[in-house]
$ cat coords-v4.cif   # mmCIF, N, CA and C atoms and all ligand atoms
data_structure
loop_
_atom_site.group_PDB
_atom_site.id
_atom_site.type_symbol
_atom_site.label_atom_id
_atom_site.label_comp_id
_atom_site.auth_asym_id
_atom_site.auth_seq_id
_atom_site.Cartn_x
_atom_site.Cartn_y
_atom_site.Cartn_z
ATOM 1 N N MET O 1001 149.139 41.277 199.636
ATOM 2 C CA MET O 1001 147.800 41.001 200.153
ATOM 3 C C MET O 1001 147.038 42.313 200.245
ATOM 4 N N ASN O 1002 145.805 42.266 199.883
ATOM 5 C CA ASN O 1002 144.939 43.435 199.858
ATOM 6 C C ASN O 1002 144.518 43.809 201.282
ATOM 7 N N PRO O 1003 144.862 45.028 201.760
ATOM 8 C CA PRO O 1003 144.490 45.425 203.129
ATOM 9 C C PRO O 1003 142.987 45.374 203.375
ATOM 10 N N ALA O 1004 142.186 45.728 202.375
ATOM 11 C CA ALA O 1004 140.729 45.690 202.545
ATOM 12 C C ALA O 1004 140.266 44.249 202.754
ATOM 13 N N TYR O 1005 140.883 43.317 202.036
ATOM 14 C CA TYR O 1005 140.535 41.900 202.201
ATOM 15 C C TYR O 1005 140.862 41.447 203.623
ATOM 16 N N ILE O 1006 142.017 41.856 204.110
ATOM 17 C CA ILE O 1006 142.410 41.467 205.469
ATOM 18 C C ILE O 1006 141.418 42.027 206.482
ATOM 19 N N GLN O 1007 141.031 43.284 206.306
ATOM 20 C CA GLN O 1007 140.055 43.882 207.226
ATOM 21 C C GLN O 1007 138.723 43.152 207.184
ATOM 22 N N ASP O 1008 138.277 42.805 205.993
ATOM 23 C CA ASP O 1008 137.013 42.067 205.866
ATOM 24 C C ASP O 1008 137.119 40.714 206.561
ATOM 25 N N GLN O 1009 138.251 40.065 206.375
ATOM 26 C CA GLN O 1009 138.429 38.738 206.983
ATOM 27 C C GLN O 1009 138.494 38.818 208.508
ATOM 28 N N GLN O 1010 139.030 39.935 209.014
ATOM 29 C CA GLN O 1010 139.100 40.092 210.471
ATOM 30 C C GLN O 1010 137.713 40.066 211.090
ATOM 31 N N GLN O 1011 136.718 40.535 210.326
ATOM 32 C CA GLN O 1011 135.344 40.539 210.827
ATOM 33 C C GLN O 1011 134.769 39.134 210.913
ATOM 34 N N LEU O 1012 135.341 38.217 210.152
ATOM 35 C CA LEU O 1012 134.847 36.833 210.145
ATOM 36 C C LEU O 1012 135.645 35.942 211.093
ATOM 37 N N ARG O 1013 136.758 36.440 211.576
ATOM 38 C CA ARG O 1013 137.641 35.613 212.412
ATOM 39 C C ARG O 1013 137.105 35.560 213.835
ATOM 40 N N GLU O 1014 137.072 34.388 214.383
ATOM 41 C CA GLU O 1014 136.597 34.177 215.748
ATOM 42 C C GLU O 1014 137.640 33.374 216.508
ATOM 43 N N GLY O 1015 137.607 33.529 217.816
ATOM 44 C CA GLY O 1015 138.535 32.771 218.650
ATOM 45 C C GLY O 1015 139.673 33.638 219.121
ATOM 46 N N GLU O 1016 140.733 33.010 219.521
ATOM 47 C CA GLU O 1016 141.893 33.762 219.989
ATOM 48 C C GLU O 1016 143.155 32.943 219.788
ATOM 49 N N CYS O 1017 144.252 33.645 219.793
ATOM 50 C CA CYS O 1017 145.543 32.976 219.662
ATOM 51 C C CYS O 1017 145.847 32.255 220.975
ATOM 52 N N VAL O 1018 146.132 30.985 220.873
ATOM 53 C CA VAL O 1018 146.485 30.206 222.059
ATOM 54 C C VAL O 1018 148.004 30.024 222.142
ATOM 55 N N ARG O 1019 148.700 30.748 221.286
ATOM 56 C CA ARG O 1019 150.160 30.794 221.301
ATOM 57 C C ARG O 1019 150.796 29.410 221.163
ATOM 58 N N CYS O 1020 150.258 28.644 220.245
ATOM 59 C CA CYS O 1020 150.799 27.305 220.027
ATOM 60 C C CYS O 1020 152.107 27.342 219.250
ATOM 61 N N GLY O 1021 152.350 28.439 218.535
ATOM 62 C CA GLY O 1021 153.602 28.588 217.811
ATOM 63 C C GLY O 1021 153.621 27.946 216.433
ATOM 64 N N ARG O 1022 152.522 27.377 215.982
ATOM 65 C CA ARG O 1022 152.535 26.709 214.671
ATOM 66 C C ARG O 1022 152.791 27.692 213.536
ATOM 67 N N CYS O 1023 152.141 28.846 213.585
ATOM 68 C CA CYS O 1023 152.329 29.808 212.494
ATOM 69 C C CYS O 1023 153.692 30.489 212.583
ATOM 70 N N CYS O 1024 154.377 30.316 213.673
ATOM 71 C CA CYS O 1024 155.692 30.934 213.857
ATOM 72 C C CYS O 1024 156.799 30.130 213.182
ATOM 73 N N ARG O 1025 156.417 29.021 212.554
ATOM 74 C CA ARG O 1025 157.412 28.146 211.917
ATOM 75 C C ARG O 1025 157.053 27.865 210.472
ATOM 76 N N LEU O 1026 156.148 28.630 209.897
ATOM 77 C CA LEU O 1026 155.668 28.285 208.561
ATOM 78 C C LEU O 1026 156.720 28.460 207.478
ATOM 79 N N VAL O 1027 157.287 29.625 207.375
ATOM 80 C CA VAL O 1027 158.278 29.878 206.329
ATOM 81 C C VAL O 1027 159.678 29.634 206.881
ATOM 82 N N PHE O 1028 159.893 30.097 208.080
ATOM 83 C CA PHE O 1028 161.147 29.890 208.801
ATOM 84 C C PHE O 1028 160.793 29.952 210.272
ATOM 85 N N ARG O 1029 161.713 29.520 211.101
ATOM 86 C CA ARG O 1029 161.437 29.621 212.536
ATOM 87 C C ARG O 1029 161.658 31.076 212.957
ATOM 88 N N CYS O 1030 160.607 31.689 213.474
ATOM 89 C CA CYS O 1030 160.708 33.085 213.869
ATOM 90 C C CYS O 1030 161.773 33.241 214.960
ATOM 91 N N PRO O 1031 162.639 34.235 214.827
ATOM 92 C CA PRO O 1031 163.678 34.423 215.848
ATOM 93 C C PRO O 1031 163.114 34.857 217.200
ATOM 94 N N PHE O 1032 161.857 35.268 217.217
ATOM 95 C CA PHE O 1032 161.232 35.671 218.489
ATOM 96 C C PHE O 1032 160.442 34.531 219.124
ATOM 97 N N LEU O 1033 160.518 33.359 218.533
ATOM 98 C CA LEU O 1033 159.833 32.202 219.111
ATOM 99 C C LEU O 1033 160.766 31.573 220.137
ATOM 100 N N GLY O 1034 160.342 31.649 221.390
ATOM 101 C CA GLY O 1034 161.144 31.067 222.464
ATOM 102 C C GLY O 1034 160.454 29.865 223.056
ATOM 103 N N GLY O 1035 160.860 29.508 224.248
ATOM 104 C CA GLY O 1035 160.278 28.348 224.916
ATOM 105 C C GLY O 1035 160.831 27.060 224.352
ATOM 106 N N THR O 1036 160.028 26.015 224.476
ATOM 107 C CA THR O 1036 160.442 24.697 224.015
ATOM 108 C C THR O 1036 159.481 24.216 222.943
ATOM 109 N N GLU O 1037 159.770 23.106 222.327
ATOM 110 C CA GLU O 1037 158.860 22.538 221.331
ATOM 111 C C GLU O 1037 157.497 22.251 221.957
ATOM 112 N N GLU O 1038 157.510 21.773 223.192
ATOM 113 C CA GLU O 1038 156.258 21.424 223.874
ATOM 114 C C GLU O 1038 155.552 22.660 224.438
ATOM 115 N N ASN O 1039 156.298 23.677 224.749
ATOM 116 C CA ASN O 1039 155.732 24.864 225.380
ATOM 117 C C ASN O 1039 156.328 26.124 224.751
ATOM 118 N N PRO O 1040 155.936 26.400 223.480
ATOM 119 C CA PRO O 1040 156.519 27.562 222.801
ATOM 120 C C PRO O 1040 155.973 28.863 223.371
ATOM 121 N N THR O 1041 156.716 29.914 223.201
ATOM 122 C CA THR O 1041 156.247 31.223 223.635
ATOM 123 C C THR O 1041 156.819 32.295 222.715
ATOM 124 N N CYS O 1042 155.986 33.282 222.456
ATOM 125 C CA CYS O 1042 156.431 34.413 221.654
ATOM 126 C C CYS O 1042 157.106 35.405 222.601
ATOM 127 N N LEU O 1043 158.330 35.738 222.307
ATOM 128 C CA LEU O 1043 159.095 36.614 223.199
ATOM 129 C C LEU O 1043 158.668 38.070 223.102
ATOM 130 N N ILE O 1044 157.876 38.427 222.090
ATOM 131 C CA ILE O 1044 157.466 39.825 221.916
ATOM 132 C C ILE O 1044 155.956 39.971 221.842
ATOM 133 N N TYR O 1045 155.214 38.918 222.232
ATOM 134 C CA TYR O 1045 153.757 38.936 222.079
ATOM 135 C C TYR O 1045 153.138 40.155 222.745
ATOM 136 N N GLU O 1046 153.541 40.444 223.965
ATOM 137 C CA GLU O 1046 152.941 41.554 224.718
ATOM 138 C C GLU O 1046 153.547 42.906 224.340
ATOM 139 N N ARG O 1047 154.661 42.885 223.630
ATOM 140 C CA ARG O 1047 155.347 44.144 223.326
ATOM 141 C C ARG O 1047 155.062 44.638 221.919
ATOM 142 N N GLY O 1048 154.173 43.953 221.214
ATOM 143 C CA GLY O 1048 153.831 44.412 219.874
ATOM 144 C C GLY O 1048 154.378 43.497 218.815
ATOM 145 N N ARG O 1049 153.572 42.503 218.473
ATOM 146 C CA ARG O 1049 153.982 41.588 217.408
ATOM 147 C C ARG O 1049 153.941 42.311 216.071
ATOM 148 N N PRO O 1050 154.718 41.841 215.116
ATOM 149 C CA PRO O 1050 154.603 42.402 213.773
ATOM 150 C C PRO O 1050 153.178 42.205 213.240
ATOM 151 N N PHE O 1051 152.796 43.088 212.363
ATOM 152 C CA PHE O 1051 151.437 43.056 211.825
ATOM 153 C C PHE O 1051 151.092 41.701 211.228
ATOM 154 N N GLN O 1052 152.008 41.125 210.492
ATOM 155 C CA GLN O 1052 151.697 39.866 209.820
ATOM 156 C C GLN O 1052 151.436 38.745 210.813
ATOM 157 N N CYS O 1053 152.015 38.845 212.008
ATOM 158 C CA CYS O 1053 151.751 37.830 213.033
ATOM 159 C C CYS O 1053 150.357 38.024 213.610
ATOM 160 N N ALA O 1054 150.017 39.265 213.935
ATOM 161 C CA ALA O 1054 148.699 39.544 214.503
ATOM 162 C C ALA O 1054 147.599 39.272 213.488
ATOM 163 N N ALA O 1055 147.912 39.384 212.209
ATOM 164 C CA ALA O 1055 146.901 39.178 211.174
ATOM 165 C C ALA O 1055 146.639 37.702 210.899
ATOM 166 N N PHE O 1056 147.535 36.817 211.312
ATOM 167 C CA PHE O 1056 147.363 35.386 211.043
ATOM 168 C C PHE O 1056 146.311 34.793 211.958
ATOM 169 N N PRO O 1057 145.409 33.974 211.470
ATOM 170 C CA PRO O 1057 145.182 33.583 210.081
ATOM 171 C C PRO O 1057 144.265 34.583 209.388
ATOM 172 N N ILE O 1058 144.566 34.850 208.129
ATOM 173 C CA ILE O 1058 143.757 35.793 207.368
ATOM 174 C C ILE O 1058 142.509 35.105 206.822
ATOM 175 N N ASP O 1059 142.647 33.863 206.424
ATOM 176 C CA ASP O 1059 141.494 33.124 205.910
ATOM 177 C C ASP O 1059 141.729 31.630 206.097
ATOM 178 N N PRO O 1060 140.769 30.806 205.730
ATOM 179 C CA PRO O 1060 140.916 29.361 205.951
ATOM 180 C C PRO O 1060 142.130 28.745 205.267
ATOM 181 N N ARG O 1061 142.635 29.386 204.230
ATOM 182 C CA ARG O 1061 143.860 28.844 203.610
ATOM 183 C C ARG O 1061 145.015 28.891 204.589
ATOM 184 N N ASP O 1062 145.063 29.947 205.395
ATOM 185 C CA ASP O 1062 146.112 30.016 206.426
ATOM 186 C C ASP O 1062 145.908 28.913 207.455
ATOM 187 N N LEU O 1063 144.642 28.675 207.807
ATOM 188 C CA LEU O 1063 144.380 27.601 208.771
ATOM 189 C C LEU O 1063 144.840 26.253 208.217
ATOM 190 N N ALA O 1064 144.678 26.058 206.918
ATOM 191 C CA ALA O 1064 145.129 24.802 206.306
ATOM 192 C C ALA O 1064 146.643 24.649 206.463
ATOM 193 N N ASP O 1065 147.370 25.767 206.430
ATOM 194 C CA ASP O 1065 148.832 25.711 206.577
ATOM 195 C C ASP O 1065 149.254 25.197 207.945
ATOM 196 N N VAL O 1066 148.369 25.331 208.935
ATOM 197 C CA VAL O 1066 148.688 24.820 210.279
ATOM 198 C C VAL O 1066 147.770 23.647 210.627
ATOM 199 N N ASP O 1067 147.324 22.950 209.571
ATOM 200 C CA ASP O 1067 146.465 21.762 209.743
ATOM 201 C C ASP O 1067 145.226 22.061 210.590
ATOM 202 N N PHE O 1068 144.740 23.272 210.489
ATOM 203 C CA PHE O 1068 143.531 23.707 211.206
ATOM 204 C C PHE O 1068 143.683 23.561 212.720
ATOM 205 N N GLN O 1069 144.907 23.523 213.185
ATOM 206 C CA GLN O 1069 145.166 23.469 214.620
ATOM 207 C C GLN O 1069 145.581 24.862 215.067
ATOM 208 N N CYS O 1070 144.567 25.677 215.344
ATOM 209 C CA CYS O 1070 144.762 27.080 215.669
ATOM 210 C C CYS O 1070 143.608 27.490 216.558
ATOM 211 N N GLY O 1071 143.826 28.486 217.385
ATOM 212 C CA GLY O 1071 142.758 28.962 218.258
ATOM 213 C C GLY O 1071 141.695 29.770 217.535
ATOM 214 N N TYR O 1072 141.938 30.092 216.271
ATOM 215 C CA TYR O 1072 140.970 30.860 215.487
ATOM 216 C C TYR O 1072 140.209 29.956 214.530
ATOM 217 N N HIS O 1073 139.038 30.400 214.159
ATOM 218 C CA HIS O 1073 138.286 29.806 213.075
ATOM 219 C C HIS O 1073 137.531 30.951 212.395
ATOM 220 N N PHE O 1074 136.872 30.636 211.301
ATOM 221 C CA PHE O 1074 136.183 31.681 210.538
ATOM 222 C C PHE O 1074 134.698 31.404 210.447
ATOM 223 N N ALA O 1075 133.928 32.466 210.635
ATOM 224 C CA ALA O 1075 132.492 32.378 210.387
ATOM 225 C C ALA O 1075 132.299 32.275 208.882
ATOM 226 N N ALA O 1076 131.219 31.627 208.481
ATOM 227 C CA ALA O 1076 130.917 31.548 207.060
ATOM 228 C C ALA O 1076 130.609 32.946 206.541
ATOM 229 N N PRO O 1077 130.989 33.248 205.289
ATOM 230 C CA PRO O 1077 130.664 34.557 204.730
ATOM 231 C C PRO O 1077 129.168 34.850 204.851
ATOM 232 N N GLY O 1078 128.844 36.063 205.287
ATOM 233 C CA GLY O 1078 127.455 36.433 205.476
ATOM 234 C C GLY O 1078 126.931 36.095 206.855
ATOM 235 N N GLU O 1079 127.687 35.306 207.588
ATOM 236 C CA GLU O 1079 127.292 34.936 208.947
ATOM 237 C C GLU O 1079 128.072 35.814 209.910
ATOM 238 N N ALA O 1080 127.359 36.602 210.701
ATOM 239 C CA ALA O 1080 128.028 37.512 211.624
ATOM 240 C C ALA O 1080 128.700 36.720 212.729
ATOM 241 N N PRO O 1081 129.947 37.042 213.051
ATOM 242 C CA PRO O 1081 130.603 36.363 214.162
ATOM 243 C C PRO O 1081 129.893 36.674 215.474
ATOM 244 N N ILE O 1082 129.921 35.729 216.380
ATOM 245 C CA ILE O 1082 129.276 35.912 217.676
ATOM 246 C C ILE O 1082 130.001 36.993 218.468
ATOM 247 N N THR O 1083 131.301 36.923 218.485
ATOM 248 C CA THR O 1083 132.117 37.903 219.188
ATOM 249 C C THR O 1083 133.118 38.476 218.198
ATOM 250 N N PRO O 1084 132.859 39.671 217.678
ATOM 251 C CA PRO O 1084 133.804 40.239 216.713
ATOM 252 C C PRO O 1084 135.199 40.395 217.316
ATOM 253 N N THR O 1085 136.174 40.052 216.528
ATOM 254 C CA THR O 1085 137.556 40.188 216.960
ATOM 255 C C THR O 1085 137.988 41.630 216.800
ATOM 256 N N PRO O 1086 138.562 42.249 217.839
ATOM 257 C CA PRO O 1086 139.046 43.616 217.672
ATOM 258 C C PRO O 1086 140.103 43.655 216.584
ATOM 259 N N PRO O 1087 140.183 44.728 215.851
ATOM 260 C CA PRO O 1087 141.125 44.781 214.738
ATOM 261 C C PRO O 1087 142.581 44.814 215.193
ATOM 262 N N LEU O 1088 143.184 43.661 215.213
ATOM 263 C CA LEU O 1088 144.625 43.540 215.388
ATOM 264 C C LEU O 1088 145.158 44.326 216.575
ATOM 265 N N ALA O 1089 144.469 44.243 217.701
ATOM 266 C CA ALA O 1089 144.916 44.956 218.893
ATOM 267 C C ALA O 1089 146.302 44.488 219.311
ATOM 268 N N GLY O 1090 147.092 45.406 219.739
ATOM 269 C CA GLY O 1090 148.425 45.070 220.227
ATOM 270 C C GLY O 1090 149.477 44.984 219.146
ATOM 271 N N SER O 1091 149.057 45.065 217.902
ATOM 272 C CA SER O 1091 150.053 44.982 216.846
ATOM 273 C C SER O 1091 150.543 46.373 216.483
ATOM 274 N N LYS O 1092 151.710 46.428 215.955
ATOM 275 C CA LYS O 1092 152.274 47.682 215.489
ATOM 276 C C LYS O 1092 152.487 47.530 213.991
ATOM 277 N N PRO O 1093 151.585 48.063 213.190
ATOM 278 C CA PRO O 1093 151.696 47.876 211.749
ATOM 279 C C PRO O 1093 153.042 48.348 211.207
ATOM 280 N N ASN O 1094 153.559 47.546 210.356
ATOM 281 C CA ASN O 1094 154.776 47.886 209.610
ATOM 282 C C ASN O 1094 155.953 48.252 210.509
ATOM 283 N N ASN O 1095 156.065 47.616 211.670
ATOM 284 C CA ASN O 1095 157.192 47.938 212.540
ATOM 285 C C ASN O 1095 158.304 46.911 212.434
ATOM 286 N N PHE O 1096 158.193 45.994 211.522
ATOM 287 C CA PHE O 1096 159.200 44.969 211.341
ATOM 288 C C PHE O 1096 160.251 45.501 210.380
ATOM 289 N N PRO O 1097 161.340 44.785 210.204
ATOM 290 C CA PRO O 1097 162.361 45.301 209.292
ATOM 291 C C PRO O 1097 161.867 45.536 207.875
ATOM 292 N N TYR O 1098 160.722 45.006 207.515
ATOM 293 C CA TYR O 1098 160.198 45.233 206.178
ATOM 294 C C TYR O 1098 158.726 45.575 206.292
ATOM 295 N N PRO O 1099 158.189 46.392 205.385
ATOM 296 C CA PRO O 1099 156.770 46.725 205.442
ATOM 297 C C PRO O 1099 155.920 45.547 205.017
ATOM 298 N N VAL O 1100 154.744 45.444 205.581
ATOM 299 C CA VAL O 1100 153.834 44.367 205.228
ATOM 300 C C VAL O 1100 153.212 44.650 203.873
ATOM 301 N N PHE O 1101 152.848 45.891 203.653
ATOM 302 C CA PHE O 1101 152.206 46.251 202.406
ATOM 303 C C PHE O 1101 153.087 47.287 201.701
ATOM 304 N N PRO O 1102 154.011 46.852 200.892
ATOM 305 C CA PRO O 1102 154.873 47.821 200.212
ATOM 306 C C PRO O 1102 154.051 48.805 199.393
ATOM 307 N N ALA O 1103 154.477 50.039 199.406
ATOM 308 C CA ALA O 1103 153.763 51.085 198.660
ATOM 309 C C ALA O 1103 153.956 50.887 197.167
HETATM 310 S S1 LIG P 1201 148.607 28.941 214.819
HETATM 311 FE FE1 LIG P 1201 146.915 30.198 215.619
HETATM 312 S S2 LIG P 1201 146.838 29.817 217.833
HETATM 313 FE FE2 LIG P 1201 148.828 29.064 217.069
HETATM 314 S S3 LIG P 1201 150.255 30.801 217.395
HETATM 315 FE FE3 LIG P 1201 149.463 30.969 215.297
HETATM 316 S S4 LIG P 1201 147.649 32.331 215.459
HETATM 317 FE FE4 LIG P 1201 148.150 31.622 217.533
#

$ encode --input "coords-v4.cif" --output "C-alpha cells" --more "lines below"
Ligand code: SF4
Amino acid sequence: MNPAYIQDQQQLREGECVRCGRCCRLVFRCPFLGGTEENPTCLIYERGRPFQCAAFPIDPRDLADVDFQCGYHFAAPGEAPITPTPPLAGSKPNNFPYPVFPA
C-alpha cells in the first residue's frame, strides 16, 4: 500500500474507532483481541496498536469488508472533513513482527 495514499485517505476519514472488533477478525482473529463476542476489546489499544490497525479503514473498500459497520466513514473526495482525524495517534509504526511497508 502506498504510504502517500494512506496519508491522503487519513484526511478524508471521519469518526472514531468504537472498538467493535470487526476489523480484528478479517484475515485471522488477532491474538490481541480479548473480551467476548458481544463485548470485544483490544488488549493493546492504549499501549500502541500496530500501524495497520490504527490505519484501518484506509478507504471505503475497507469499510465494505466490515459491512460498513464501523465508527469511521469517509468524506467525499474534495470535501473537507468537519473534524480532521489526527494522523494515526497512538500507533507505533512498524512495531509489529513484520514491517507494514517493506523497503
Ligand atoms: S471496524 Fe472500525 S470501529 Fe470496529 S474496531 Fe475496526 S476500526 Fe474500530

$ closest_residue --input "coords-v4.cif" --among "O:Leu1033, O:Ala1004, O:Cys1023, O:Cys1017" --to "Asp1067 (chain O)" --atoms "only C-alpha atoms"
O:Cys1023

$ residues_near_ligand --input "coords-v4.cif" --ligand "ligand LIG 1201 (chain P)" --cutoff "6 Å" --atoms "only N, CA and C atoms and all ligand atoms" --output "number ranges by chain"
O: 1016-1024, 1056-1057, 1069-1072

$ select_by_dssp --input "coords-v4.cif" --residues "region 1040-1071 of chain O" --states "helix (DSSP H, G or I)" --output "number ranges by chain"
O: 1045-1048, 1051-1055, 1060-1065

$ atom_distance --input "coords-v4.cif" --atom1 "atom C of Phe1074 (chain O)" --atom2 "atom C of Leu1012 (chain O)"
4.7 Å

$ closest_residue --input "coords-v4.cif" --among "O:Glu1046, O:Asp1059, O:Glu1014, O:Glu1037" --to "His1073 (chain O)" --atoms "only C-alpha atoms"
O:Glu1014

$ atom_distance --input "coords-v4.cif" --atom1 "atom C of Gly1048 (chain O)" --atom2 "CA of Ala1075 (chain O)"
26.0 Å

$ atom_distance --input "coords-v4.cif" --atom1 "CA of Phe1032 (chain O)" --atom2 "CA of Arg1049 (chain O)"
9.4 Å
